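Coordinates from target05.txt are shown below (compact mmCIF, N, CA, C and O atoms).
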```
# COMPACT_ATOMS: atom_id res chain seq x y z
N MET A 1313 26.75 -21.42 26.51
CA MET A 1313 25.35 -21.71 26.72
C MET A 1313 24.50 -20.51 26.29
O MET A 1313 24.88 -19.37 26.48
N THR A 1314 23.39 -20.82 25.67
CA THR A 1314 22.50 -19.78 25.16
C THR A 1314 21.74 -19.15 26.32
O THR A 1314 21.19 -19.84 27.17
N SER A 1315 21.68 -17.84 26.28
CA SER A 1315 20.97 -17.16 27.36
C SER A 1315 19.47 -17.18 27.11
O SER A 1315 19.00 -17.39 25.99
N LYS A 1316 18.73 -16.94 28.18
CA LYS A 1316 17.27 -16.90 28.07
C LYS A 1316 16.84 -15.79 27.13
O LYS A 1316 15.87 -15.94 26.37
N VAL A 1317 17.54 -14.69 27.12
CA VAL A 1317 17.20 -13.57 26.25
C VAL A 1317 17.31 -13.96 24.79
O VAL A 1317 16.44 -13.64 23.98
N GLU A 1318 18.38 -14.68 24.46
CA GLU A 1318 18.57 -15.12 23.08
C GLU A 1318 17.47 -16.10 22.67
O GLU A 1318 16.98 -16.07 21.54
N VAL A 1319 17.09 -16.98 23.56
CA VAL A 1319 16.02 -17.94 23.27
C VAL A 1319 14.70 -17.20 23.07
O VAL A 1319 13.96 -17.48 22.12
N LEU A 1320 14.44 -16.22 23.93
CA LEU A 1320 13.20 -15.45 23.79
C LEU A 1320 13.19 -14.66 22.47
O LEU A 1320 12.17 -14.57 21.80
N ARG A 1321 14.33 -14.11 22.10
CA ARG A 1321 14.44 -13.38 20.82
C ARG A 1321 14.17 -14.32 19.65
O ARG A 1321 13.46 -13.98 18.70
N ALA A 1322 14.74 -15.50 19.72
CA ALA A 1322 14.55 -16.48 18.65
C ALA A 1322 13.08 -16.90 18.57
O ALA A 1322 12.51 -17.02 17.47
N LEU A 1323 12.46 -17.10 19.72
CA LEU A 1323 11.04 -17.46 19.73
C LEU A 1323 10.18 -16.34 19.18
O LEU A 1323 9.22 -16.57 18.43
N LYS A 1324 10.54 -15.12 19.54
CA LYS A 1324 9.79 -13.96 19.04
C LYS A 1324 9.91 -13.86 17.51
O LYS A 1324 8.92 -13.64 16.81
N LEU A 1325 11.12 -14.03 17.00
CA LEU A 1325 11.33 -13.99 15.54
C LEU A 1325 10.55 -15.11 14.85
O LEU A 1325 9.94 -14.90 13.79
N LEU A 1326 10.58 -16.29 15.45
CA LEU A 1326 9.85 -17.41 14.88
C LEU A 1326 8.34 -17.13 14.87
O LEU A 1326 7.66 -17.37 13.87
N PHE A 1327 7.83 -16.58 15.96
CA PHE A 1327 6.42 -16.22 16.04
C PHE A 1327 6.05 -15.19 14.98
O PHE A 1327 5.04 -15.32 14.29
N GLU A 1328 6.89 -14.16 14.83
CA GLU A 1328 6.62 -13.11 13.83
C GLU A 1328 6.66 -13.68 12.42
O GLU A 1328 5.88 -13.29 11.56
N HIS A 1329 7.58 -14.61 12.20
CA HIS A 1329 7.67 -15.25 10.88
C HIS A 1329 6.40 -16.04 10.57
O HIS A 1329 5.83 -15.94 9.48
N HIS A 1330 5.93 -16.80 11.53
CA HIS A 1330 4.70 -17.57 11.34
C HIS A 1330 3.49 -16.65 11.17
O HIS A 1330 2.60 -16.93 10.37
N LYS A 1331 3.49 -15.57 11.90
CA LYS A 1331 2.40 -14.59 11.78
C LYS A 1331 2.38 -14.00 10.37
O LYS A 1331 1.32 -13.88 9.74
N ALA A 1332 3.56 -13.68 9.84
CA ALA A 1332 3.65 -13.14 8.47
C ALA A 1332 3.19 -14.17 7.45
O ALA A 1332 2.50 -13.84 6.48
N LEU A 1333 3.58 -15.42 7.67
CA LEU A 1333 3.14 -16.49 6.76
C LEU A 1333 1.63 -16.66 6.80
O LEU A 1333 1.00 -16.86 5.77
N ASP A 1334 1.05 -16.60 7.99
CA ASP A 1334 -0.40 -16.72 8.12
C ASP A 1334 -1.11 -15.60 7.37
O ASP A 1334 -2.11 -15.82 6.70
N LYS A 1335 -0.59 -14.39 7.48
CA LYS A 1335 -1.17 -13.27 6.75
C LYS A 1335 -1.10 -13.50 5.25
O LYS A 1335 -2.04 -13.21 4.53
N LYS A 1336 0.05 -14.05 4.80
CA LYS A 1336 0.22 -14.33 3.37
C LYS A 1336 -0.81 -15.35 2.92
O LYS A 1336 -1.44 -15.21 1.88
N GLU A 1337 -0.98 -16.47 3.72
CA GLU A 1337 -1.96 -17.51 3.38
C GLU A 1337 -3.35 -16.94 3.30
O GLU A 1337 -4.13 -17.26 2.41
N VAL A 1338 -3.68 -16.01 4.30
CA VAL A 1338 -5.01 -15.40 4.33
C VAL A 1338 -5.21 -14.53 3.08
O VAL A 1338 -6.27 -14.58 2.44
N LEU A 1339 -4.19 -13.74 2.74
CA LEU A 1339 -4.30 -12.87 1.56
C LEU A 1339 -4.46 -13.68 0.28
O LEU A 1339 -5.24 -13.31 -0.61
N GLU A 1340 -3.75 -14.77 0.18
CA GLU A 1340 -3.87 -15.62 -1.01
C GLU A 1340 -5.28 -16.21 -1.11
O GLU A 1340 -5.86 -16.27 -2.19
N LYS A 1341 -5.82 -16.62 0.02
CA LYS A 1341 -7.18 -17.19 0.03
C LYS A 1341 -8.19 -16.13 -0.36
O LYS A 1341 -9.09 -16.38 -1.16
N GLN A 1342 -8.04 -14.92 0.18
CA GLN A 1342 -8.95 -13.85 -0.16
C GLN A 1342 -8.85 -13.49 -1.63
O GLN A 1342 -9.86 -13.21 -2.29
N SER A 1343 -7.65 -13.50 -2.17
CA SER A 1343 -7.46 -13.20 -3.59
C SER A 1343 -8.14 -14.25 -4.46
O SER A 1343 -8.78 -13.93 -5.46
N GLN A 1344 -7.99 -15.52 -4.06
CA GLN A 1344 -8.64 -16.60 -4.81
C GLN A 1344 -10.17 -16.46 -4.75
O GLN A 1344 -10.85 -16.60 -5.76
N GLU A 1345 -10.67 -16.17 -3.55
CA GLU A 1345 -12.12 -16.00 -3.41
C GLU A 1345 -12.61 -14.81 -4.23
O GLU A 1345 -13.68 -14.86 -4.84
N GLN A 1346 -11.83 -13.74 -4.27
CA GLN A 1346 -12.21 -12.57 -5.05
C GLN A 1346 -12.26 -12.91 -6.54
O GLN A 1346 -13.18 -12.50 -7.25
N SER A 1347 -11.29 -13.68 -7.00
CA SER A 1347 -11.30 -14.10 -8.41
C SER A 1347 -12.53 -14.94 -8.73
O SER A 1347 -13.16 -14.76 -9.78
N GLN A 1348 -12.87 -15.84 -7.83
CA GLN A 1348 -14.05 -16.68 -8.04
C GLN A 1348 -15.32 -15.83 -8.06
O GLN A 1348 -16.21 -16.07 -8.88
N MET A 1349 -15.39 -14.84 -7.19
CA MET A 1349 -16.57 -13.96 -7.15
C MET A 1349 -16.67 -13.14 -8.43
O MET A 1349 -17.76 -12.91 -8.96
N LYS A 1350 -15.53 -12.69 -8.95
CA LYS A 1350 -15.54 -11.93 -10.20
C LYS A 1350 -16.05 -12.79 -11.35
O LYS A 1350 -16.83 -12.33 -12.19
N GLU A 1351 -15.59 -14.05 -11.39
CA GLU A 1351 -16.07 -14.97 -12.42
C GLU A 1351 -17.58 -15.20 -12.29
O GLU A 1351 -18.30 -15.18 -13.29
N ARG A 1352 -18.03 -15.40 -11.07
CA ARG A 1352 -19.46 -15.63 -10.82
C ARG A 1352 -20.27 -14.40 -11.22
O ARG A 1352 -21.34 -14.52 -11.82
N LEU A 1353 -19.75 -13.22 -10.91
CA LEU A 1353 -20.42 -11.97 -11.27
C LEU A 1353 -20.52 -11.84 -12.79
O LEU A 1353 -21.55 -11.42 -13.32
N ALA A 1354 -19.46 -12.21 -13.50
CA ALA A 1354 -19.47 -12.13 -14.96
C ALA A 1354 -20.53 -13.07 -15.53
O ALA A 1354 -21.26 -12.70 -16.46
N VAL A 1355 -20.63 -14.28 -14.98
CA VAL A 1355 -21.63 -15.25 -15.45
C VAL A 1355 -23.03 -14.72 -15.19
O VAL A 1355 -23.91 -14.76 -16.07
N LEU A 1356 -23.25 -14.21 -13.97
CA LEU A 1356 -24.57 -13.70 -13.63
C LEU A 1356 -24.93 -12.47 -14.46
O LEU A 1356 -26.08 -12.31 -14.89
N SER A 1357 -23.95 -11.63 -14.73
CA SER A 1357 -24.19 -10.44 -15.54
C SER A 1357 -24.60 -10.83 -16.97
O SER A 1357 -25.52 -10.25 -17.55
N ALA A 1358 -23.92 -11.83 -17.51
CA ALA A 1358 -24.28 -12.32 -18.85
C ALA A 1358 -25.69 -12.90 -18.84
O ALA A 1358 -26.45 -12.70 -19.80
N HIS A 1359 -26.03 -13.60 -17.78
CA HIS A 1359 -27.37 -14.18 -17.67
C HIS A 1359 -28.43 -13.09 -17.58
O HIS A 1359 -29.48 -13.19 -18.22
N VAL A 1360 -28.16 -12.04 -16.83
CA VAL A 1360 -29.10 -10.92 -16.73
C VAL A 1360 -29.28 -10.26 -18.10
O VAL A 1360 -30.41 -9.94 -18.49
N THR A 1361 -28.20 -10.08 -18.83
CA THR A 1361 -28.28 -9.49 -20.16
C THR A 1361 -29.16 -10.35 -21.07
O THR A 1361 -30.01 -9.83 -21.80
N GLU A 1362 -28.97 -11.66 -20.99
CA GLU A 1362 -29.77 -12.58 -21.80
C GLU A 1362 -31.25 -12.48 -21.41
O GLU A 1362 -32.13 -12.44 -22.28
N LEU A 1363 -31.52 -12.42 -20.12
CA LEU A 1363 -32.91 -12.31 -19.66
C LEU A 1363 -33.54 -10.99 -20.09
O LEU A 1363 -34.72 -10.94 -20.46
N GLU A 1364 -32.75 -9.91 -20.08
CA GLU A 1364 -33.26 -8.61 -20.52
C GLU A 1364 -33.61 -8.65 -22.00
O GLU A 1364 -34.62 -8.09 -22.43
N GLU A 1365 -32.78 -9.33 -22.79
CA GLU A 1365 -33.07 -9.47 -24.22
C GLU A 1365 -34.33 -10.29 -24.44
O GLU A 1365 -35.16 -9.95 -25.30
N ASP A 1366 -34.48 -11.37 -23.67
CA ASP A 1366 -35.69 -12.19 -23.77
C ASP A 1366 -36.93 -11.39 -23.38
O ASP A 1366 -37.98 -11.49 -24.03
N LEU A 1367 -36.81 -10.57 -22.36
CA LEU A 1367 -37.93 -9.73 -21.93
C LEU A 1367 -38.30 -8.72 -23.01
O LEU A 1367 -39.48 -8.51 -23.29
N ASP A 1368 -37.30 -8.13 -23.63
CA ASP A 1368 -37.56 -7.17 -24.70
C ASP A 1368 -38.28 -7.84 -25.87
O ASP A 1368 -39.25 -7.29 -26.41
N THR A 1369 -37.84 -9.05 -26.22
CA THR A 1369 -38.49 -9.79 -27.30
C THR A 1369 -39.94 -10.12 -26.92
O THR A 1369 -40.86 -9.98 -27.75
N ALA A 1370 -40.15 -10.53 -25.68
CA ALA A 1370 -41.50 -10.87 -25.23
C ALA A 1370 -42.41 -9.64 -25.27
O ALA A 1370 -43.59 -9.74 -25.66
N ARG A 1371 -41.88 -8.49 -24.89
CA ARG A 1371 -42.69 -7.26 -24.95
C ARG A 1371 -43.08 -6.92 -26.39
O ARG A 1371 -44.22 -6.55 -26.65
N LYS A 1372 -42.12 -7.05 -27.30
CA LYS A 1372 -42.42 -6.78 -28.71
C LYS A 1372 -43.47 -7.74 -29.24
O LYS A 1372 -44.38 -7.35 -29.97
N ASP A 1373 -43.33 -9.02 -28.87
CA ASP A 1373 -44.32 -10.02 -29.30
C ASP A 1373 -45.70 -9.70 -28.73
O ASP A 1373 -46.71 -9.86 -29.42
N LEU A 1374 -45.74 -9.24 -27.48
CA LEU A 1374 -47.01 -8.88 -26.87
C LEU A 1374 -47.66 -7.71 -27.61
O LEU A 1374 -48.87 -7.74 -27.88
N LEU A 1375 -46.86 -6.71 -27.93
CA LEU A 1375 -47.41 -5.57 -28.67
C LEU A 1375 -47.95 -5.99 -30.03
O LEU A 1375 -49.03 -5.55 -30.45
N LYS A 1376 -47.23 -6.87 -30.72
CA LYS A 1376 -47.70 -7.37 -32.01
C LYS A 1376 -49.01 -8.13 -31.85
O LYS A 1376 -49.94 -7.97 -32.63
N SER A 1377 -49.06 -8.97 -30.81
CA SER A 1377 -50.28 -9.75 -30.57
C SER A 1377 -51.46 -8.84 -30.25
O SER A 1377 -52.59 -9.08 -30.70
N GLU A 1378 -51.22 -7.80 -29.48
CA GLU A 1378 -52.29 -6.86 -29.16
C GLU A 1378 -52.78 -6.14 -30.41
O GLU A 1378 -53.99 -5.95 -30.59
N ASP A 1379 -51.85 -5.77 -31.30
CA ASP A 1379 -52.23 -5.12 -32.55
C ASP A 1379 -53.08 -6.06 -33.41
O ASP A 1379 -54.10 -5.66 -33.99
N VAL A 1380 -52.66 -7.32 -33.51
CA VAL A 1380 -53.41 -8.30 -34.28
C VAL A 1380 -54.79 -8.49 -33.66
O VAL A 1380 -55.81 -8.56 -34.38
N ASN A 1381 -54.86 -8.55 -32.35
CA ASN A 1381 -56.12 -8.73 -31.66
C ASN A 1381 -57.07 -7.56 -31.94
O ASN A 1381 -58.28 -7.76 -32.20
N VAL A 1382 -56.53 -6.33 -31.90
CA VAL A 1382 -57.36 -5.15 -32.17
C VAL A 1382 -57.87 -5.21 -33.61
O VAL A 1382 -59.06 -4.94 -33.87
N LYS A 1383 -57.04 -5.57 -34.55
CA LYS A 1383 -57.46 -5.66 -35.97
C LYS A 1383 -58.54 -6.72 -36.14
O LYS A 1383 -59.51 -6.52 -36.89
N LEU A 1384 -58.37 -7.86 -35.50
CA LEU A 1384 -59.37 -8.92 -35.60
C LEU A 1384 -60.70 -8.50 -34.99
O LEU A 1384 -61.77 -8.80 -35.54
N GLN A 1385 -60.63 -7.78 -33.89
CA GLN A 1385 -61.87 -7.32 -33.26
C GLN A 1385 -62.59 -6.31 -34.16
O GLN A 1385 -63.81 -6.28 -34.23
N ARG A 1386 -61.82 -5.48 -34.87
CA ARG A 1386 -62.45 -4.52 -35.81
C ARG A 1386 -63.11 -5.26 -36.96
O ARG A 1386 -64.18 -4.84 -37.42
N ASP A 1387 -62.45 -6.30 -37.42
CA ASP A 1387 -63.00 -7.07 -38.54
C ASP A 1387 -64.29 -7.77 -38.14
O ASP A 1387 -65.17 -7.96 -38.99
N VAL A 1388 -64.37 -8.20 -36.91
CA VAL A 1388 -65.57 -8.91 -36.45
C VAL A 1388 -66.62 -7.88 -36.17
O VAL A 1388 -67.63 -7.69 -36.62
```
With the file now loaded, output its structure as structure tokens.
Amino acid sequence: MTSKVEVLRALKLLFEHHKALDKKEVLEKQSQEQSQMKERLAVLSAHVTELEEDLDTARKDLLKSEDVNVKLQRDV
């Protein structure tokens, strides 16, 4: 017959095994979430770069328009 000590040891080992599995599941989930965040960051970074380029173009267009406006005002 199995002693109470052996049963308790078996239960303890089983508990520790499940605890280790839970940690593994948590780590895998965190790793997946981190990968998703990196992808999202890359997309947002590309979008920011695009917006910065658009802003630079708009500034150049504004300067050109101001120059044309000054020339037209001189002509008038």
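Across the model, the gap from atom O of Leu1374 of chain A to atom C of Val1388 of chain A is 19.6 Å.
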Let me know the centre plus edge lengths, in Å and rounded to one decimal, of a box with edges along x, y and z that contains all listed atoms of segment 1338-1343 of chain A and is padded by 3 Å on every side, as JSON.
```
{"center_x": -6.8, "center_y": -15.0, "center_z": -0.6, "size_x": 12.2, "size_y": 10.3, "size_z": 15.8}
```
- [ ] To one decimal in Å, tell me the separation between atom CA of Ala1322 of chain A and atom CA of Lys1335 of chain A.
- [x]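 Value for the atom CA of Ala1322 of chain A-atom CA of Lys1335 of chain A distance: 20.0 Å.
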Task: Straight-line distance linking atom N of Glu1378 of chain A with atom C of Asp1366 of chain A, stated in Å to one decimal - done: 15.9 Å
